[in-house]
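> Got a structure for you, written out below as structure tokens; questions coming shortly.
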Amino acid sequence: MKRKSNLTIAITTAVLAVLGATAVYAQDKYLLKSPSGIAFSDFRGYEDWAVVSSAKTDEVLKVIVANPAMIKAFKAGVPGNGRPFPDGCKIAKLQWKPKKSTEAPFVVDVPDVFSQAFVMEKNGARFPKSGGWGYAVFNYDPASDKFTPDAKSLSDCGHTCHVAVKAKDYIFHPYQKR
């Protein structure tokens, strides 16, 4: 009986050790912060946000999604009505490396490997130098299944990167007609 008890304890200990190691190893991306302090947790739920637009460069396919506050502002006519997006608006550009579909009966690029989440949040008090927008990039490494904050990502890059669309409250992608 004692032998059976020791075996049960050993198996239980091994199972708990494996579960504990998995829990320690598993990444919670929402604990990450960009070098400028923008937290990934500010974008919790982005996976379910509404699509604003999509884009394609030679290197990446992008799907642009926005939180409900930003979608509401888009539907109210912002920025075309001359008003800026209100504080609390958030947008994420989800980027994949493309590949040619091997299943479609026509030539089409489809997402292959996820590469990064480029995020923006409107907070005029926190980001006054960039029209109220804060920016961050979180790179994804498929080999480790982990996100890392991009060391070159500056919270106020909109002052230089997005200046071409200052009249549109620094947003490149309009809400696409459905």
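All residue names refer to the structure tokens as shown: chains lettered A, B, ... in order, residues numbered from 1 in each chain, ligands numbered from 1 in order.
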Taking the DSSP secondary structure from the backbone, can you list the residues of chain A that are alpha helix (DSSP H), as a VMD selection string?
chain A and resid 2 to 25 68 to 75
> Segment 46-77 of chain A near segment 120-133 of chain A within 12 Å: what's each residue's closest atom pair and its distance in Å to one decimal, counting only C-alpha atoms, ordered by chain then ascending residue number, as a Markdown table?

```
| residue | atom | partner | partner_atom | distance |
| --- | --- | --- | --- | --- |
| A:Tyr46 | CA | A:Met120 | CA | 11.5 |
| A:Ile64 | CA | A:Met120 | CA | 10.9 |
| A:Val65 | CA | A:Met120 | CA | 10.7 |
| A:Ala66 | CA | A:Met120 | CA | 9.5 |
| A:Asn67 | CA | A:Glu121 | CA | 9.8 |
| A:Ala69 | CA | A:Lys122 | CA | 10.5 |
| A:Met70 | CA | A:Lys122 | CA | 9.5 |
```
> Any idea what's packed within 6 Å of Val119 of chain A, counting only C-alpha atoms, ignoring anything in its chain fewer than 6 positions away? Could you give it as a JSON list (two decimals) with C-alpha atoms, in the first residue's frame?

```
[["chain", "number", "residue", "atom", "x", "y", "z"],
["A", 91, "ILE", "CA", -6.40, 51.12, -33.46],
["A", 92, "ALA", "CA", -4.19, 48.12, -34.25],
["A", 135, "TYR", "CA", 2.35, 54.57, -30.95],
["A", 136, "ALA", "CA", 3.98, 51.22, -30.17]]
```
> Do you know which residues are at most 9 Å from segment 72-86 of chain A counting only C-alpha atoms, after dropping those on the same chain fewer than 6 positions away, and could you put them as a PyMOL selection string?
chain A and resi 52+122-124+167-169+171+174-175
> Just the selected residues (N, CA, C and O atoms), exported as a PDB file, in the first residue's frame, please.

```
ATOM      1  N   VAL A  52     -11.364  48.031 -39.886  1.00  0.00           N
ATOM      2  CA  VAL A  52     -11.454  49.358 -40.479  1.00  0.00           C
ATOM      3  C   VAL A  52     -11.084  49.278 -41.952  1.00  0.00           C
ATOM      4  O   VAL A  52     -11.779  49.773 -42.814  1.00  0.00           O
ATOM      5  N   LYS A 122      -5.311  57.155 -28.594  1.00  0.00           N
ATOM      6  CA  LYS A 122      -5.509  58.602 -28.497  1.00  0.00           C
ATOM      7  C   LYS A 122      -5.636  58.999 -27.031  1.00  0.00           C
ATOM      8  O   LYS A 122      -6.507  58.522 -26.320  1.00  0.00           O
ATOM      9  N   ASN A 123      -4.708  59.877 -26.612  1.00  0.00           N
ATOM     10  CA  ASN A 123      -4.739  60.418 -25.258  1.00  0.00           C
ATOM     11  C   ASN A 123      -3.991  61.744 -25.316  1.00  0.00           C
ATOM     12  O   ASN A 123      -2.760  61.788 -25.245  1.00  0.00           O
ATOM     13  N   GLY A 124      -4.741  62.825 -25.500  1.00  0.00           N
ATOM     14  CA  GLY A 124      -4.159  64.142 -25.699  1.00  0.00           C
ATOM     15  C   GLY A 124      -3.265  64.601 -24.568  1.00  0.00           C
ATOM     16  O   GLY A 124      -2.248  65.252 -24.804  1.00  0.00           O
ATOM     17  N   ALA A 167      -4.064  66.276 -41.285  1.00  0.00           N
ATOM     18  CA  ALA A 167      -5.423  66.790 -41.506  1.00  0.00           C
ATOM     19  C   ALA A 167      -6.489  65.720 -41.263  1.00  0.00           C
ATOM     20  O   ALA A 167      -7.660  66.048 -41.083  1.00  0.00           O
ATOM     21  N   LYS A 168      -6.094  64.463 -41.249  1.00  0.00           N
ATOM     22  CA  LYS A 168      -7.021  63.350 -40.985  1.00  0.00           C
ATOM     23  C   LYS A 168      -6.804  62.813 -39.575  1.00  0.00           C
ATOM     24  O   LYS A 168      -7.032  61.641 -39.312  1.00  0.00           O
ATOM     25  N   ASP A 169      -6.332  63.681 -38.684  1.00  0.00           N
ATOM     26  CA  ASP A 169      -6.017  63.323 -37.300  1.00  0.00           C
ATOM     27  C   ASP A 169      -5.025  62.163 -37.247  1.00  0.00           C
ATOM     28  O   ASP A 169      -5.136  61.260 -36.428  1.00  0.00           O
ATOM     29  N   ILE A 171      -4.418  59.614 -39.107  1.00  0.00           N
ATOM     30  CA  ILE A 171      -4.852  58.254 -39.446  1.00  0.00           C
ATOM     31  C   ILE A 171      -4.775  58.048 -40.961  1.00  0.00           C
ATOM     32  O   ILE A 171      -5.386  58.784 -41.730  1.00  0.00           O
ATOM     33  N   PRO A 174      -8.895  55.098 -43.846  1.00  0.00           N
ATOM     34  CA  PRO A 174     -10.280  55.474 -43.553  1.00  0.00           C
ATOM     35  C   PRO A 174     -11.119  54.218 -43.303  1.00  0.00           C
ATOM     36  O   PRO A 174     -10.755  53.121 -43.694  1.00  0.00           O
ATOM     37  N   TYR A 175     -12.236  54.447 -42.634  1.00  0.00           N
ATOM     38  CA  TYR A 175     -13.200  53.370 -42.425  1.00  0.00           C
ATOM     39  C   TYR A 175     -13.790  53.028 -43.784  1.00  0.00           C
ATOM     40  O   TYR A 175     -14.393  53.886 -44.443  1.00  0.00           O
TER      41      TYR A 175
END
```
> Check the smallest atom-to-atom distance from each of A:Glu47, A:Asp109, A:Asp58, A:Asp42 to Cys89 of chain A using only C-alpha atoms, then report the winner.
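Residue with the minimum atom-to-atom distance to Cys89 of chain A: A:Asp42.
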> As a PyMOL selection string, which residues of segment 26-164 of chain A does DSSP assign to strand (DSSP E)?
chain A and resi 50-56+61-66+90-100+109-122+133-141+146-149
> Contacts of Lys146 of chain A at 10 Å or less, counting only C-alpha atoms, minus same-chain residues fewer than 3 places along, as a list of chain:residue names?
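Near neighbours after the sequence-gap exclusion: A:Ala26, A:Gln27, A:Asp28, A:Lys29, A:Phe138, A:Asn139, A:Tyr140, A:Asp141, A:Pro142, A:Ala143.
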> Output the selection as a PDB file, in the first residue's frame - N, CA, C and O atoms for each residue.

```pdb
ATOM      1  N   ALA A  26       4.609  30.021 -20.491  1.00  0.00           N
ATOM      2  CA  ALA A  26       3.598  30.660 -21.324  1.00  0.00           C
ATOM      3  C   ALA A  26       3.654  32.172 -21.123  1.00  0.00           C
ATOM      4  O   ALA A  26       3.726  32.667 -20.006  1.00  0.00           O
ATOM      5  N   GLN A  27       3.653  32.885 -22.211  1.00  0.00           N
ATOM      6  CA  GLN A  27       3.759  34.333 -22.141  1.00  0.00           C
ATOM      7  C   GLN A  27       2.399  34.984 -22.022  1.00  0.00           C
ATOM      8  O   GLN A  27       1.457  34.612 -22.717  1.00  0.00           O
ATOM      9  N   ASP A  28       2.301  35.962 -21.161  1.00  0.00           N
ATOM     10  CA  ASP A  28       1.124  36.807 -21.126  1.00  0.00           C
ATOM     11  C   ASP A  28       1.511  38.092 -21.834  1.00  0.00           C
ATOM     12  O   ASP A  28       2.161  38.963 -21.258  1.00  0.00           O
ATOM     13  N   LYS A  29       1.124  38.205 -23.105  1.00  0.00           N
ATOM     14  CA  LYS A  29       1.512  39.375 -23.896  1.00  0.00           C
ATOM     15  C   LYS A  29       1.005  40.670 -23.277  1.00  0.00           C
ATOM     16  O   LYS A  29       1.564  41.736 -23.501  1.00  0.00           O
ATOM     17  N   PHE A 138       4.737  45.869 -31.310  1.00  0.00           N
ATOM     18  CA  PHE A 138       5.050  44.631 -30.613  1.00  0.00           C
ATOM     19  C   PHE A 138       5.316  43.570 -31.676  1.00  0.00           C
ATOM     20  O   PHE A 138       4.423  43.216 -32.450  1.00  0.00           O
ATOM     21  N   ASN A 139       6.571  43.129 -31.752  1.00  0.00           N
ATOM     22  CA  ASN A 139       6.968  42.125 -32.738  1.00  0.00           C
ATOM     23  C   ASN A 139       6.610  40.733 -32.243  1.00  0.00           C
ATOM     24  O   ASN A 139       6.652  40.467 -31.040  1.00  0.00           O
ATOM     25  N   TYR A 140       6.285  39.868 -33.179  1.00  0.00           N
ATOM     26  CA  TYR A 140       5.934  38.490 -32.844  1.00  0.00           C
ATOM     27  C   TYR A 140       6.960  37.546 -33.449  1.00  0.00           C
ATOM     28  O   TYR A 140       7.299  37.663 -34.638  1.00  0.00           O
ATOM     29  N   ASP A 141       7.455  36.622 -32.645  1.00  0.00           N
ATOM     30  CA  ASP A 141       8.387  35.599 -33.103  1.00  0.00           C
ATOM     31  C   ASP A 141       7.669  34.252 -33.097  1.00  0.00           C
ATOM     32  O   ASP A 141       7.385  33.713 -32.019  1.00  0.00           O
ATOM     33  N   PRO A 142       7.355  33.718 -34.289  1.00  0.00           N
ATOM     34  CA  PRO A 142       6.612  32.454 -34.328  1.00  0.00           C
ATOM     35  C   PRO A 142       7.391  31.265 -33.751  1.00  0.00           C
ATOM     36  O   PRO A 142       6.790  30.344 -33.224  1.00  0.00           O
ATOM     37  N   ALA A 143       8.713  31.302 -33.822  1.00  0.00           N
ATOM     38  CA  ALA A 143       9.506  30.178 -33.303  1.00  0.00           C
ATOM     39  C   ALA A 143       9.328  30.034 -31.795  1.00  0.00           C
ATOM     40  O   ALA A 143       9.247  28.924 -31.274  1.00  0.00           O
TER      41      ALA A 143
END
```
> What's the 9 Å shell around Gln176 of chain A, counting only C-alpha atoms, without same-chain residues fewer than 2 positions away, as a CSV table (one decimal) with N, CA, C and O atoms, in the first residue's frame?

```csv
chain,number,residue,atom,x,y,z
A,51,VAL,N,-13.1,45.5,-38.2
A,51,VAL,CA,-12.1,45.8,-39.2
A,51,VAL,C,-12.4,47.2,-39.8
A,51,VAL,O,-13.6,47.6,-40.0
A,52,VAL,N,-11.4,48.0,-39.9
A,52,VAL,CA,-11.5,49.4,-40.5
A,52,VAL,C,-11.1,49.3,-42.0
A,52,VAL,O,-11.8,49.8,-42.8
A,53,SER,N,-10.0,48.6,-42.2
A,53,SER,CA,-9.4,48.6,-43.6
A,53,SER,C,-8.4,47.5,-43.7
A,53,SER,O,-8.1,46.8,-42.7
A,54,SER,N,-7.8,47.3,-44.8
A,54,SER,CA,-6.7,46.4,-45.0
A,54,SER,C,-5.7,47.1,-46.0
A,54,SER,O,-6.0,48.1,-46.6
A,173,HIS,N,-5.7,55.1,-42.7
A,173,HIS,CA,-6.7,54.3,-43.2
A,173,HIS,C,-8.1,54.7,-42.9
A,173,HIS,O,-8.5,54.7,-41.7
A,174,PRO,N,-8.9,55.1,-43.8
A,174,PRO,CA,-10.3,55.5,-43.6
A,174,PRO,C,-11.1,54.2,-43.3
A,174,PRO,O,-10.8,53.1,-43.7
A,178,ARG,N,-19.0,49.5,-46.5
A,178,ARG,CA,-19.3,48.1,-46.4
A,178,ARG,C,-20.5,47.8,-47.4
A,178,ARG,O,-21.4,48.6,-47.5
```
> Just the number, please: distance in Å from atom CA of Ser34 of chain A to atom CA of Val137 of chain A, one decimal.
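That distance, rounded to one decimal, is 7.3 Å.
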